[in-house]
Amino acid sequence: MKRQLDDIDRRLIARLQQDARLPTAALARDVGLSRSAVQERLERLQKNQIIRGYSVILGEEARPRLLAEVMIQVEPQKSAGVVGALQKIPGCIRCLAISGEFDLIAEICADTPEELDQMLDRIGTLGGIKRTSSSIILSTKFDRRQSP
């Protein structure tokens, strides 16, 4: 049976969300445990897939210049093929299944308008897609998935 998260687990996760590169010794000081106890907790959190990975959050200089959300209406029984094809497009950075008139949202990124246009054309011609509707993201007002 998997153990429920306790307050210390939540504090460790919160600190790692602020800075995933914090040394174990610093985390241990922050939560009042030994370094080895923190290491054991982190290993358990990873083993139980509470922590599934660590990532890099890019600064403004390294981010693509253009982001777009592509709403995708998929032909019946073609969703898996469309998702597989989207995964092969390097500029497609995320794909979400949704309810409503559209079936998927693909988030794409590009450095130039021309590159974005080519990617939109490529997505529009994928087998299994009935219709798309695209919106260029002008700015991010907030994003709770990333640290400031």
# chains A, B, ... in the order shown; residues from 1 in each chain; ligands from 1

$ select_by_dssp --residues "chain A" --states "strand (DSSP E)" --output "number ranges by chain"
A: 66-74, 92-97, 104-110, 129-137

$ write_last_selection --atoms "N, CA, C and O atoms" --output "compact mmCIF listing (two decimals), in the first residue's frame"
# COMPACT_ATOMS: atom_id res chain seq x y z
N LEU A 66 7.14 32.47 -30.78
CA LEU A 66 5.70 32.34 -31.04
C LEU A 66 5.16 31.04 -30.47
O LEU A 66 5.76 29.98 -30.64
N LEU A 67 4.03 31.14 -29.80
CA LEU A 67 3.30 29.98 -29.31
C LEU A 67 1.89 30.04 -29.86
O LEU A 67 1.32 31.13 -30.00
N ALA A 68 1.34 28.89 -30.17
CA ALA A 68 -0.05 28.85 -30.65
C ALA A 68 -0.75 27.63 -30.07
O ALA A 68 -0.12 26.60 -29.80
N GLU A 69 -2.04 27.78 -29.88
CA GLU A 69 -2.89 26.67 -29.47
C GLU A 69 -3.70 26.27 -30.71
O GLU A 69 -4.31 27.13 -31.36
N VAL A 70 -3.67 25.00 -31.04
CA VAL A 70 -4.40 24.50 -32.20
C VAL A 70 -5.51 23.57 -31.70
O VAL A 70 -5.23 22.53 -31.13
N MET A 71 -6.74 24.00 -31.90
CA MET A 71 -7.89 23.18 -31.56
C MET A 71 -8.08 22.21 -32.72
O MET A 71 -8.09 22.62 -33.89
N ILE A 72 -8.22 20.92 -32.41
CA ILE A 72 -8.27 19.90 -33.45
C ILE A 72 -9.53 19.04 -33.29
O ILE A 72 -9.77 18.49 -32.21
N GLN A 73 -10.29 18.96 -34.37
CA GLN A 73 -11.44 18.06 -34.42
C GLN A 73 -10.98 16.82 -35.17
O GLN A 73 -10.47 16.91 -36.30
N VAL A 74 -11.14 15.65 -34.54
CA VAL A 74 -10.60 14.40 -35.07
C VAL A 74 -11.73 13.54 -35.62
O VAL A 74 -12.83 13.50 -35.05
N CYS A 92 5.62 20.68 -31.72
CA CYS A 92 4.40 20.40 -30.96
C CYS A 92 4.84 19.98 -29.57
O CYS A 92 5.37 18.89 -29.38
N ILE A 93 4.65 20.87 -28.60
CA ILE A 93 5.22 20.65 -27.28
C ILE A 93 4.25 20.06 -26.27
O ILE A 93 4.65 19.60 -25.21
N ARG A 94 2.96 20.06 -26.60
CA ARG A 94 1.98 19.50 -25.67
C ARG A 94 0.70 19.19 -26.43
O ARG A 94 0.35 19.89 -27.36
N CYS A 95 0.01 18.14 -26.02
CA CYS A 95 -1.26 17.78 -26.62
C CYS A 95 -2.21 17.36 -25.50
O CYS A 95 -1.86 16.54 -24.67
N LEU A 96 -3.39 17.95 -25.50
CA LEU A 96 -4.38 17.69 -24.46
C LEU A 96 -5.66 17.18 -25.09
O LEU A 96 -6.13 17.72 -26.10
N ALA A 97 -6.27 16.16 -24.50
CA ALA A 97 -7.60 15.70 -24.91
C ALA A 97 -8.61 16.58 -24.18
O ALA A 97 -8.47 16.84 -23.00
N LEU A 104 -8.96 17.72 -29.36
CA LEU A 104 -7.60 17.90 -28.88
C LEU A 104 -7.20 19.37 -28.94
O LEU A 104 -7.72 20.12 -29.77
N ILE A 105 -6.26 19.73 -28.08
CA ILE A 105 -5.56 21.01 -28.20
C ILE A 105 -4.09 20.67 -28.31
O ILE A 105 -3.54 19.98 -27.45
N ALA A 106 -3.44 21.16 -29.35
CA ALA A 106 -2.00 21.00 -29.51
C ALA A 106 -1.35 22.36 -29.28
O ALA A 106 -1.79 23.36 -29.85
N GLU A 107 -0.35 22.40 -28.43
CA GLU A 107 0.41 23.63 -28.24
C GLU A 107 1.66 23.53 -29.09
O GLU A 107 2.41 22.55 -28.98
N ILE A 108 1.87 24.50 -29.94
CA ILE A 108 3.03 24.47 -30.83
C ILE A 108 3.86 25.73 -30.62
O ILE A 108 3.34 26.78 -30.22
N CYS A 109 5.15 25.61 -30.89
CA CYS A 109 6.04 26.75 -30.76
C CYS A 109 6.91 26.87 -32.01
O CYS A 109 7.22 25.88 -32.66
N ALA A 110 7.27 28.10 -32.31
CA ALA A 110 8.10 28.38 -33.48
C ALA A 110 8.87 29.68 -33.24
O ALA A 110 8.46 30.51 -32.42
N ILE A 129 -7.66 14.20 -39.26
CA ILE A 129 -8.10 15.49 -38.76
C ILE A 129 -9.22 16.02 -39.64
O ILE A 129 -9.08 16.10 -40.86
N LYS A 130 -10.34 16.37 -39.01
CA LYS A 130 -11.48 16.95 -39.74
C LYS A 130 -11.33 18.45 -39.89
O LYS A 130 -11.60 19.02 -40.94
N ARG A 131 -10.90 19.11 -38.79
CA ARG A 131 -10.88 20.57 -38.80
C ARG A 131 -9.96 21.07 -37.71
O ARG A 131 -9.79 20.42 -36.68
N THR A 132 -9.34 22.23 -37.94
CA THR A 132 -8.51 22.87 -36.91
C THR A 132 -8.91 24.34 -36.78
O THR A 132 -9.47 24.93 -37.71
N SER A 133 -8.58 24.90 -35.64
CA SER A 133 -8.74 26.33 -35.40
C SER A 133 -7.57 26.75 -34.52
O SER A 133 -7.33 26.15 -33.47
N SER A 134 -6.85 27.78 -34.95
CA SER A 134 -5.62 28.16 -34.26
C SER A 134 -5.70 29.55 -33.65
O SER A 134 -6.34 30.44 -34.20
N SER A 135 -5.02 29.70 -32.54
CA SER A 135 -4.88 31.01 -31.89
C SER A 135 -3.43 31.20 -31.47
O SER A 135 -2.86 30.32 -30.81
N ILE A 136 -2.85 32.33 -31.84
CA ILE A 136 -1.50 32.65 -31.41
C ILE A 136 -1.58 33.22 -30.00
O ILE A 136 -2.43 34.07 -29.71
N ILE A 137 -0.71 32.76 -29.12
CA ILE A 137 -0.67 33.25 -27.75
C ILE A 137 0.11 34.56 -27.74
O ILE A 137 1.27 34.61 -28.16

$ residues_around --residues "Asp9 (chain A)" --least-positions-apart "5" --cutoff "10 Å" --atoms "only C-alpha atoms" --output "list in words"
Gln4, Ala14, Arg15, Val31, Val38, Arg41, Leu42, Leu45 and Ile50 of chain A

$ write_last_selection --atoms "N, CA and C atoms" --output "PDB file, in the first residue's frame"
ATOM      1  N   GLN A   4       0.358   7.770   2.183  1.00  0.00           N
ATOM      2  CA  GLN A   4      -0.153   9.086   1.808  1.00  0.00           C
ATOM      3  C   GLN A   4       0.945  10.138   2.004  1.00  0.00           C
ATOM      4  N   ALA A  14       7.197  21.226  -2.573  1.00  0.00           N
ATOM      5  CA  ALA A  14       7.086  22.678  -2.799  1.00  0.00           C
ATOM      6  C   ALA A  14       8.462  23.311  -2.998  1.00  0.00           C
ATOM      7  N   ARG A  15       9.450  22.901  -2.183  1.00  0.00           N
ATOM      8  CA  ARG A  15      10.803  23.459  -2.334  1.00  0.00           C
ATOM      9  C   ARG A  15      11.411  23.054  -3.677  1.00  0.00           C
ATOM     10  N   VAL A  31      13.442  21.233   5.971  1.00  0.00           N
ATOM     11  CA  VAL A  31      12.334  20.450   6.548  1.00  0.00           C
ATOM     12  C   VAL A  31      12.668  19.842   7.903  1.00  0.00           C
ATOM     13  N   VAL A  38      15.861  12.596   4.045  1.00  0.00           N
ATOM     14  CA  VAL A  38      15.313  13.312   2.891  1.00  0.00           C
ATOM     15  C   VAL A  38      15.571  12.520   1.619  1.00  0.00           C
ATOM     16  N   ARG A  41      13.085   9.768   1.375  1.00  0.00           N
ATOM     17  CA  ARG A  41      11.768  10.287   0.998  1.00  0.00           C
ATOM     18  C   ARG A  41      11.714  10.606  -0.493  1.00  0.00           C
ATOM     19  N   LEU A  42      12.761  11.244  -1.011  1.00  0.00           N
ATOM     20  CA  LEU A  42      12.789  11.582  -2.438  1.00  0.00           C
ATOM     21  C   LEU A  42      12.766  10.310  -3.291  1.00  0.00           C
ATOM     22  N   LEU A  45       9.238   9.034  -3.205  1.00  0.00           N
ATOM     23  CA  LEU A  45       8.358   9.872  -4.028  1.00  0.00           C
ATOM     24  C   LEU A  45       8.571   9.601  -5.515  1.00  0.00           C
ATOM     25  N   ILE A  50       5.175  10.060  -7.558  1.00  0.00           N
ATOM     26  CA  ILE A  50       4.673  11.347  -7.086  1.00  0.00           C
ATOM     27  C   ILE A  50       5.529  12.429  -7.749  1.00  0.00           C
TER      28      ILE A  50
END

$ atom_distance --atom1 "CA of Pro76 (chain A)" --atom2 "CA of Ile89 (chain A)"
22.0 Å

$ select_by_dssp --residues "region 47-127 of chain A" --states "alpha helix (DSSP H)" --output "list in words"
Lys47, Ser79, Ala80, Gly81, Val82, Val83, Gly84, Ala85, Leu86, Gln87, Pro113, Glu114, Glu115, Leu116, Asp117, Gln118, Met119, Leu120, Asp121, Arg122, Ile123 and Gly124 of chain A

$ write_last_selection --atoms "all heavy atoms" --output "compact mmCIF listing (two decimals), in the first residue's frame"
# COMPACT_ATOMS: atom_id res chain seq x y z
N LYS A 47 9.85 6.65 -6.75
CA LYS A 47 9.41 5.28 -6.99
C LYS A 47 7.89 5.20 -7.14
O LYS A 47 7.37 4.48 -8.00
CB LYS A 47 9.86 4.38 -5.84
CG LYS A 47 9.44 2.94 -5.98
CD LYS A 47 9.88 2.12 -4.78
CE LYS A 47 9.30 0.73 -4.89
NZ LYS A 47 9.38 0.01 -3.63
N SER A 79 -8.15 9.23 -33.16
CA SER A 79 -7.44 10.03 -32.17
C SER A 79 -6.02 9.53 -31.91
O SER A 79 -5.07 10.32 -31.88
CB SER A 79 -8.23 10.09 -30.87
OG SER A 79 -7.63 10.98 -29.98
N ALA A 80 -5.85 8.25 -31.70
CA ALA A 80 -4.52 7.71 -31.39
C ALA A 80 -3.54 7.99 -32.53
O ALA A 80 -2.39 8.36 -32.27
CB ALA A 80 -4.60 6.21 -31.12
N GLY A 81 -3.98 7.84 -33.77
CA GLY A 81 -3.10 8.12 -34.90
C GLY A 81 -2.73 9.59 -35.00
O GLY A 81 -1.58 9.92 -35.30
N VAL A 82 -3.69 10.45 -34.72
CA VAL A 82 -3.42 11.89 -34.76
C VAL A 82 -2.43 12.27 -33.66
O VAL A 82 -1.46 12.99 -33.90
CB VAL A 82 -4.72 12.71 -34.64
CG1 VAL A 82 -4.43 14.19 -34.44
CG2 VAL A 82 -5.59 12.51 -35.88
N VAL A 83 -2.64 11.76 -32.46
CA VAL A 83 -1.73 12.06 -31.35
C VAL A 83 -0.33 11.55 -31.68
O VAL A 83 0.66 12.25 -31.46
CB VAL A 83 -2.25 11.46 -30.03
CG1 VAL A 83 -1.20 11.55 -28.93
CG2 VAL A 83 -3.55 12.16 -29.60
N GLY A 84 -0.22 10.35 -32.23
CA GLY A 84 1.08 9.81 -32.62
C GLY A 84 1.77 10.68 -33.66
O GLY A 84 2.98 10.91 -33.58
N ALA A 85 1.01 11.18 -34.63
CA ALA A 85 1.59 12.04 -35.66
C ALA A 85 2.03 13.39 -35.06
O ALA A 85 3.07 13.93 -35.44
CB ALA A 85 0.58 12.26 -36.79
N LEU A 86 1.23 13.92 -34.13
CA LEU A 86 1.60 15.19 -33.49
C LEU A 86 2.89 15.04 -32.68
O LEU A 86 3.71 15.95 -32.65
CB LEU A 86 0.47 15.68 -32.58
CG LEU A 86 -0.79 16.18 -33.28
CD1 LEU A 86 -1.91 16.39 -32.28
CD2 LEU A 86 -0.50 17.47 -34.05
N GLN A 87 3.08 13.88 -32.05
CA GLN A 87 4.29 13.64 -31.27
C GLN A 87 5.54 13.68 -32.13
O GLN A 87 6.62 13.99 -31.63
CB GLN A 87 4.23 12.27 -30.57
CG GLN A 87 3.38 12.28 -29.33
CD GLN A 87 3.41 10.94 -28.64
OE1 GLN A 87 3.06 9.93 -29.24
NE2 GLN A 87 3.80 10.92 -27.39
N PRO A 113 7.17 33.56 -37.82
CA PRO A 113 5.81 33.35 -38.34
C PRO A 113 5.77 32.32 -39.47
O PRO A 113 4.83 31.54 -39.55
CB PRO A 113 5.40 34.73 -38.85
CG PRO A 113 6.24 35.69 -38.07
CD PRO A 113 7.55 34.97 -37.83
N GLU A 114 6.80 32.30 -40.30
CA GLU A 114 6.84 31.35 -41.40
C GLU A 114 6.91 29.91 -40.89
O GLU A 114 6.23 29.01 -41.39
CB GLU A 114 8.05 31.63 -42.32
CG GLU A 114 7.99 32.96 -43.05
CD GLU A 114 8.37 34.16 -42.18
OE1 GLU A 114 8.98 33.98 -41.11
OE2 GLU A 114 8.03 35.29 -42.57
N GLU A 115 7.73 29.70 -39.87
CA GLU A 115 7.86 28.37 -39.27
C GLU A 115 6.52 27.95 -38.64
O GLU A 115 6.10 26.80 -38.78
CB GLU A 115 8.97 28.38 -38.22
CG GLU A 115 9.26 27.05 -37.59
CD GLU A 115 10.32 27.14 -36.50
OE1 GLU A 115 11.05 28.15 -36.42
OE2 GLU A 115 10.41 26.17 -35.71
N LEU A 116 5.87 28.87 -37.98
CA LEU A 116 4.57 28.58 -37.38
C LEU A 116 3.55 28.24 -38.46
O LEU A 116 2.79 27.26 -38.33
CB LEU A 116 4.08 29.79 -36.56
CG LEU A 116 2.77 29.62 -35.83
CD1 LEU A 116 2.88 28.58 -34.72
CD2 LEU A 116 2.34 30.95 -35.24
N ASP A 117 3.54 28.99 -39.54
CA ASP A 117 2.62 28.73 -40.65
C ASP A 117 2.85 27.35 -41.25
O ASP A 117 1.89 26.61 -41.53
CB ASP A 117 2.80 29.82 -41.72
CG ASP A 117 1.76 29.74 -42.81
OD1 ASP A 117 0.58 29.47 -42.50
OD2 ASP A 117 2.13 29.94 -43.99
N GLN A 118 4.11 26.97 -41.43
CA GLN A 118 4.43 25.64 -41.98
C GLN A 118 3.95 24.54 -41.04
O GLN A 118 3.41 23.52 -41.48
CB GLN A 118 5.93 25.51 -42.22
CG GLN A 118 6.44 26.35 -43.36
CD GLN A 118 7.95 26.38 -43.44
OE1 GLN A 118 8.65 25.79 -42.61
NE2 GLN A 118 8.47 27.09 -44.43
N MET A 119 4.12 24.74 -39.74
CA MET A 119 3.68 23.74 -38.78
C MET A 119 2.16 23.61 -38.78
O MET A 119 1.62 22.51 -38.72
CB MET A 119 4.18 24.11 -37.39
CG MET A 119 4.58 22.92 -36.58
SD MET A 119 5.30 23.34 -34.99
CE MET A 119 6.45 24.61 -35.38
N LEU A 120 1.46 24.74 -38.86
CA LEU A 120 -0.01 24.71 -38.91
C LEU A 120 -0.48 23.98 -40.17
O LEU A 120 -1.43 23.20 -40.12
CB LEU A 120 -0.58 26.12 -38.85
CG LEU A 120 -0.42 26.84 -37.51
CD1 LEU A 120 -0.80 28.31 -37.65
CD2 LEU A 120 -1.23 26.16 -36.43
N ASP A 121 0.19 24.25 -41.29
CA ASP A 121 -0.15 23.54 -42.54
C ASP A 121 0.08 22.04 -42.39
O ASP A 121 -0.75 21.23 -42.82
CB ASP A 121 0.68 24.07 -43.71
CG ASP A 121 0.22 25.43 -44.20
OD1 ASP A 121 -0.89 25.87 -43.81
OD2 ASP A 121 0.98 26.07 -44.96
N ARG A 122 1.20 21.68 -41.79
CA ARG A 122 1.51 20.26 -41.59
C ARG A 122 0.46 19.58 -40.72
O ARG A 122 -0.01 18.49 -41.03
CB ARG A 122 2.90 20.14 -40.96
CG ARG A 122 3.34 18.71 -40.75
CD ARG A 122 4.77 18.64 -40.26
NE ARG A 122 5.13 17.28 -39.92
CZ ARG A 122 6.26 16.94 -39.33
NH1 ARG A 122 7.15 17.87 -39.03
NH2 ARG A 122 6.51 15.68 -39.05
N ILE A 123 0.07 20.24 -39.65
CA ILE A 123 -0.95 19.67 -38.76
C ILE A 123 -2.27 19.52 -39.50
O ILE A 123 -2.95 18.50 -39.40
CB ILE A 123 -1.11 20.52 -37.48
CG1 ILE A 123 0.14 20.36 -36.60
CG2 ILE A 123 -2.36 20.13 -36.71
CD1 ILE A 123 0.22 21.32 -35.43
N GLY A 124 -2.63 20.53 -40.27
CA GLY A 124 -3.90 20.51 -41.00
C GLY A 124 -4.01 19.40 -42.01
O GLY A 124 -5.11 18.98 -42.37

$ residues_around --residues "Arg21 (chain A)" --least-positions-apart "3" --cutoff "9 Å" --atoms "only C-alpha atoms" --output "mmCIF file with N, CA, C and O atoms, in the first residue's frame"
data_model
loop_
_atom_site.group_PDB
_atom_site.id
_atom_site.type_symbol
_atom_site.label_atom_id
_atom_site.label_comp_id
_atom_site.auth_asym_id
_atom_site.auth_seq_id
_atom_site.Cartn_x
_atom_site.Cartn_y
_atom_site.Cartn_z
ATOM 1 N N LEU A 16 11.189 21.801 -4.080
ATOM 2 C CA LEU A 16 11.722 21.352 -5.365
ATOM 3 C C LEU A 16 11.033 22.036 -6.532
ATOM 4 O O LEU A 16 11.648 22.262 -7.574
ATOM 5 N N THR A 24 20.421 18.054 -1.479
ATOM 6 C CA THR A 24 19.691 17.303 -0.465
ATOM 7 C C THR A 24 19.941 17.894 0.923
ATOM 8 O O THR A 24 19.027 17.966 1.748
ATOM 9 N N TYR A 54 12.244 15.956 -13.409
ATOM 10 C CA TYR A 54 12.703 17.308 -13.148
ATOM 11 C C TYR A 54 12.840 17.986 -14.498
ATOM 12 O O TYR A 54 13.100 17.335 -15.503
#

$ atom_distance --atom1 "CA of Thr125 (chain A)" --atom2 "CA of Gly91 (chain A)"
15.7 Å

$ atom_distance --atom1 "CA of Gln39 (chain A)" --atom2 "CA of Ala25 (chain A)"
9.2 Å

$ decode --residues "region 30-41 of chain A" --atoms "all heavy atoms" --output "short mmCIF file (atom, residue, chain, number, x, y, z; two decimals), in the first residue's frame"
data_model
loop_
_atom_site.label_atom_id
_atom_site.label_comp_id
_atom_site.auth_asym_id
_atom_site.auth_seq_id
_atom_site.Cartn_x
_atom_site.Cartn_y
_atom_site.Cartn_z
N ASP A 30 15.82 22.64 5.42
CA ASP A 30 14.52 23.30 5.26
C ASP A 30 13.38 22.57 5.96
O ASP A 30 12.45 23.19 6.44
CB ASP A 30 14.17 23.46 3.77
CG ASP A 30 15.03 24.50 3.07
OD1 ASP A 30 15.77 25.23 3.75
OD2 ASP A 30 14.95 24.55 1.83
N VAL A 31 13.44 21.23 5.97
CA VAL A 31 12.33 20.45 6.55
C VAL A 31 12.67 19.84 7.90
O VAL A 31 11.83 19.18 8.51
CB VAL A 31 11.83 19.35 5.58
CG1 VAL A 31 11.30 19.97 4.30
CG2 VAL A 31 12.91 18.32 5.31
N GLY A 32 13.90 20.04 8.38
CA GLY A 32 14.27 19.58 9.71
C GLY A 32 14.52 18.09 9.82
O GLY A 32 14.29 17.50 10.89
N LEU A 33 15.01 17.47 8.75
CA LEU A 33 15.35 16.04 8.77
C LEU A 33 16.81 15.86 8.42
O LEU A 33 17.47 16.78 7.92
CB LEU A 33 14.49 15.26 7.76
CG LEU A 33 13.00 15.16 8.01
CD1 LEU A 33 12.33 14.42 6.85
CD2 LEU A 33 12.71 14.46 9.33
N SER A 34 17.32 14.65 8.60
CA SER A 34 18.69 14.35 8.16
C SER A 34 18.72 14.25 6.64
O SER A 34 17.70 14.02 5.98
CB SER A 34 19.16 13.04 8.78
OG SER A 34 18.45 11.95 8.21
N ARG A 35 19.93 14.40 6.10
CA ARG A 35 20.09 14.30 4.65
C ARG A 35 19.66 12.92 4.17
O ARG A 35 18.99 12.78 3.14
CB ARG A 35 21.55 14.58 4.27
CG ARG A 35 21.76 14.77 2.78
CD ARG A 35 23.22 14.85 2.40
NE ARG A 35 23.95 13.63 2.64
CZ ARG A 35 23.81 12.50 1.94
NH1 ARG A 35 22.94 12.44 0.96
NH2 ARG A 35 24.52 11.43 2.21
N SER A 36 20.02 11.87 4.90
CA SER A 36 19.66 10.52 4.47
C SER A 36 18.15 10.29 4.53
O SER A 36 17.58 9.61 3.67
CB SER A 36 20.40 9.47 5.31
OG SER A 36 20.06 9.59 6.67
N ALA A 37 17.48 10.87 5.52
CA ALA A 37 16.02 10.74 5.61
C ALA A 37 15.34 11.44 4.42
O ALA A 37 14.37 10.92 3.85
CB ALA A 37 15.50 11.29 6.93
N VAL A 38 15.86 12.60 4.05
CA VAL A 38 15.31 13.31 2.89
C VAL A 38 15.57 12.52 1.62
O VAL A 38 14.68 12.39 0.76
CB VAL A 38 15.89 14.75 2.79
CG1 VAL A 38 15.59 15.37 1.44
CG2 VAL A 38 15.35 15.61 3.91
N GLN A 39 16.76 11.96 1.49
CA GLN A 39 17.09 11.16 0.29
C GLN A 39 16.14 9.96 0.18
O GLN A 39 15.63 9.67 -0.91
CB GLN A 39 18.54 10.68 0.34
CG GLN A 39 18.98 9.99 -0.92
CD GLN A 39 18.93 10.90 -2.13
OE1 GLN A 39 19.32 12.06 -2.08
NE2 GLN A 39 18.41 10.40 -3.23
N GLU A 40 15.85 9.29 1.30
CA GLU A 40 14.92 8.17 1.30
C GLU A 40 13.52 8.62 0.86
O GLU A 40 12.85 7.94 0.09
CB GLU A 40 14.84 7.52 2.68
CG GLU A 40 16.07 6.73 3.04
CD GLU A 40 16.04 6.21 4.47
OE1 GLU A 40 14.96 6.19 5.09
OE2 GLU A 40 17.12 5.83 4.96
N ARG A 41 13.08 9.77 1.38
CA ARG A 41 11.77 10.29 1.00
C ARG A 41 11.71 10.61 -0.49
O ARG A 41 10.74 10.29 -1.17
CB ARG A 41 11.41 11.54 1.80
CG ARG A 41 10.94 11.22 3.20
CD ARG A 41 10.66 12.52 3.96
NE ARG A 41 10.17 12.21 5.28
CZ ARG A 41 8.88 12.24 5.63
NH1 ARG A 41 7.96 12.56 4.75
NH2 ARG A 41 8.51 11.95 6.86
#
